[in-house]
$ cat upload_14.json   # JSON, C-alpha atoms
[["chain", "number", "residue", "atom", "x", "y", "z"],
["R", 694, "MET", "CA", 7.64, 2.95, -6.92],
["R", 695, "ALA", "CA", 9.33, 0.42, -4.62],
["R", 696, "ALA", "CA", 9.92, 2.96, -1.87],
["R", 697, "ILE", "CA", 6.39, 4.34, -2.24],
["R", 698, "LEU", "CA", 4.70, 0.95, -1.83],
["R", 699, "LEU", "CA", 7.03, -0.11, 0.98],
["R", 700, "ARG", "CA", 6.25, 3.10, 2.84],
["R", 701, "LEU", "CA", 2.52, 2.61, 2.30],
["R", 702, "HIS", "CA", 2.82, -0.89, 3.76],
["R", 703, "PHE", "CA", 4.80, 0.44, 6.74],
["R", 704, "HIS", "CA", 2.23, 3.15, 7.49],
["R", 705, "ASP", "CA", -0.62, 0.67, 7.25],
["R", 706, "CYS", "CA", 1.02, -1.85, 9.59],
["R", 707, "PHE", "CA", 2.92, 0.29, 12.08],
["R", 708, "VAL", "CA", 0.31, 1.30, 14.67],
["R", 709, "GLU", "CA", -2.42, -1.34, 14.88],
["R", 710, "GLY", "CA", -1.29, -4.06, 12.51],
["R", 711, "CYS", "CA", -1.76, -4.66, 8.82],
["R", 712, "ASP", "CA", -5.47, -4.07, 8.36],
["R", 713, "GLY", "CA", -5.72, -1.95, 5.21],
["R", 714, "SER", "CA", -7.25, 0.89, 7.23],
["R", 715, "ILE", "CA", -4.97, 3.46, 5.62],
["R", 716, "LEU", "CA", -6.88, 2.85, 2.37],
["R", 717, "ILE", "CA", -10.33, 3.56, 3.80],
["R", 718, "ASP", "CA", -11.66, 6.92, 2.68],
["R", 719, "ASN", "CA", -14.29, 7.86, 5.25],
["R", 720, "GLY", "CA", -14.19, 11.64, 4.98],
["R", 721, "PRO", "CA", -12.33, 13.98, 7.30],
["R", 722, "GLN", "CA", -11.66, 11.19, 9.82],
["R", 723, "SER", "CA", -9.86, 9.11, 7.20],
["R", 724, "GLU", "CA", -6.60, 7.58, 8.37],
["R", 725, "LYS", "CA", -4.94, 8.50, 5.07],
["R", 726, "LEU", "CA", -5.51, 12.19, 5.88],
["R", 727, "GLU", "CA", -3.74, 12.09, 9.26],
["R", 728, "PHE", "CA", -0.71, 14.32, 9.63],
["R", 729, "ALA", "CA", 1.67, 11.37, 9.98],
["R", 730, "HIS", "CA", 0.50, 10.02, 6.61],
["R", 731, "GLN", "CA", 0.53, 13.26, 4.63],
["R", 732, "TRP", "CA", 3.42, 12.17, 2.41],
["R", 733, "VAL", "CA", 2.26, 8.59, 1.87],
["R", 734, "ARG", "CA", 1.44, 7.85, -1.76],
["R", 735, "GLY", "CA", 0.66, 4.81, -3.89],
["R", 736, "PHE", "CA", -3.05, 4.62, -3.12],
["R", 737, "GLY", "CA", -3.94, 4.58, -6.82],
["R", 738, "VAL", "CA", -1.74, 1.56, -7.49],
["R", 739, "ILE", "CA", -3.46, -0.41, -4.74],
["R", 740, "GLU", "CA", -6.92, 0.73, -5.84],
["R", 741, "ARG", "CA", -6.25, -0.42, -9.43],
["R", 742, "ALA", "CA", -4.95, -3.78, -8.21],
["R", 743, "LYS", "CA", -8.01, -4.18, -5.98],
["R", 744, "ALA", "CA", -10.35, -3.39, -8.89],
["R", 745, "GLN", "CA", -8.66, -6.01, -11.09],
["R", 746, "LEU", "CA", -8.76, -8.63, -8.33],
["R", 747, "GLU", "CA", -12.39, -7.89, -7.53],
["R", 748, "ALA", "CA", -13.28, -8.38, -11.20],
["R", 749, "SER", "CA", -11.63, -11.82, -11.20],
["R", 750, "CYS", "CA", -12.40, -13.10, -7.71],
["R", 751, "PRO", "CA", -14.71, -10.80, -5.73],
["R", 752, "GLY", "CA", -14.36, -10.69, -1.96],
["R", 753, "VAL", "CA", -11.37, -13.04, -1.78],
["R", 754, "VAL", "CA", -8.29, -10.83, -1.38],
["R", 755, "SER", "CA", -8.21, -8.14, 1.30],
["R", 756, "CYS", "CA", -6.77, -4.66, 0.82],
["R", 757, "ALA", "CA", -4.18, -5.39, 3.53],
["R", 758, "ASP", "CA", -3.04, -8.44, 1.53],
["R", 759, "ILE", "CA", -2.77, -6.36, -1.63],
["R", 760, "VAL", "CA", -0.65, -3.71, 0.13],
["R", 761, "ALA", "CA", 1.66, -6.37, 1.60],
["R", 762, "LEU", "CA", 2.05, -8.32, -1.64],
["R", 763, "ALA", "CA", 2.53, -5.20, -3.76],
["R", 764, "ALA", "CA", 5.31, -4.01, -1.45],
["R", 765, "ARG", "CA", 6.94, -7.44, -1.49],
["R", 766, "ASP", "CA", 6.68, -7.89, -5.24],
["R", 767, "VAL", "CA", 8.01, -4.47, -6.18],
["R", 768, "ILE", "CA", 11.02, -4.94, -3.86],
["R", 769, "VAL", "CA", 11.74, -8.34, -5.46],
["R", 770, "MET", "CA", 11.46, -6.75, -8.91],
["R", 771, "VAL", "CA", 13.93, -4.02, -8.02],
["R", 772, "LEU", "CA", 16.39, -6.46, -6.46],
["R", 773, "THR", "CA", 16.13, -8.77, -9.47],
["R", 774, "LEU", "CA", 16.71, -5.92, -11.92],
["R", 775, "ASN", "CA", 19.71, -4.74, -9.91],
["R", 776, "LEU", "CA", 21.20, -8.24, -9.98],
["R", 777, "LEU", "CA", 20.85, -8.35, -13.76],
["R", 778, "ASP", "CA", 22.85, -5.14, -14.22]]
$ encode --input "upload_14.json" --output "structure tokens"
Amino acid sequence: MAAILLRLHFHDCFVEGCDGSILIDNGPQSEKLEFAHQWVRGFGVIERAKAQLEASCPGVVSCADIVALAARDVIVMVLTLNLLD
């Protein structure tokens, strides 16, 4: 999961900055459907996190923030677990 979320963050931020646009599903013109993003996954994880955050504090945390923090947190988790081994 760490590599998946890190890659999702990279693909969101690489071209025009971290704006969460890779998550927008606006039909055939959707950024997530572009050829360069065809192997990007992890959308469901971000959507579930967004739903939980919206239930607690609607309109406060952006999708771009969720992608960035999810990537950061999962990398920290993996590094921490590897240090404990």
$ closest_residue --input "upload_14.json" --among "R:Glu740, R:Cys750, R:Arg700, R:Asp758" --to "R:Asp718" --atoms "only C-alpha atoms"
R:Glu740
$ closest_residue --input "upload_14.json" --among "R:Ala757, R:Val769, R:Leu777, R:Leu701" --to "R:Arg734" --atoms "only C-alpha atoms"
R:Leu701
$ closest_residue --input "upload_14.json" --among "R:Ala729, R:Ile759, R:Leu776, R:Ile768" --to "R:Cys711" --atoms "only C-alpha atoms"
R:Ile759
$ atom_distance --input "upload_14.json" --atom1 "atom CA of R:Phe703" --atom2 "atom CA of R:Ala764"
9.3 Å
$ closest_residue --input "upload_14.json" --among "R:Ile715, R:Leu762, R:Ala748, R:Leu772" --to "R:Val733" --atoms "all atoms listed in the file"
R:Ile715
$ atom_distance --input "upload_14.json" --atom1 "atom CA of R:Asp766" --atom2 "atom CA of R:Leu716"
18.9 Å
$ atom_distance --input "upload_14.json" --atom1 "atom CA of R:Gly710" --atom2 "atom CA of R:Val760"
12.4 Å
$ closest_residue --input "upload_14.json" --among "R:Asn719, R:Ala742, R:Arg765, R:Asn775" --to "R:Leu699" --atoms "all atoms listed in the file"
R:Arg765
$ closest_residue --input "upload_14.json" --among "R:Gly713, R:Gly737, R:Gln722, R:Gln731" --to "R:Ser755" --atoms "only C-alpha atoms"
R:Gly713
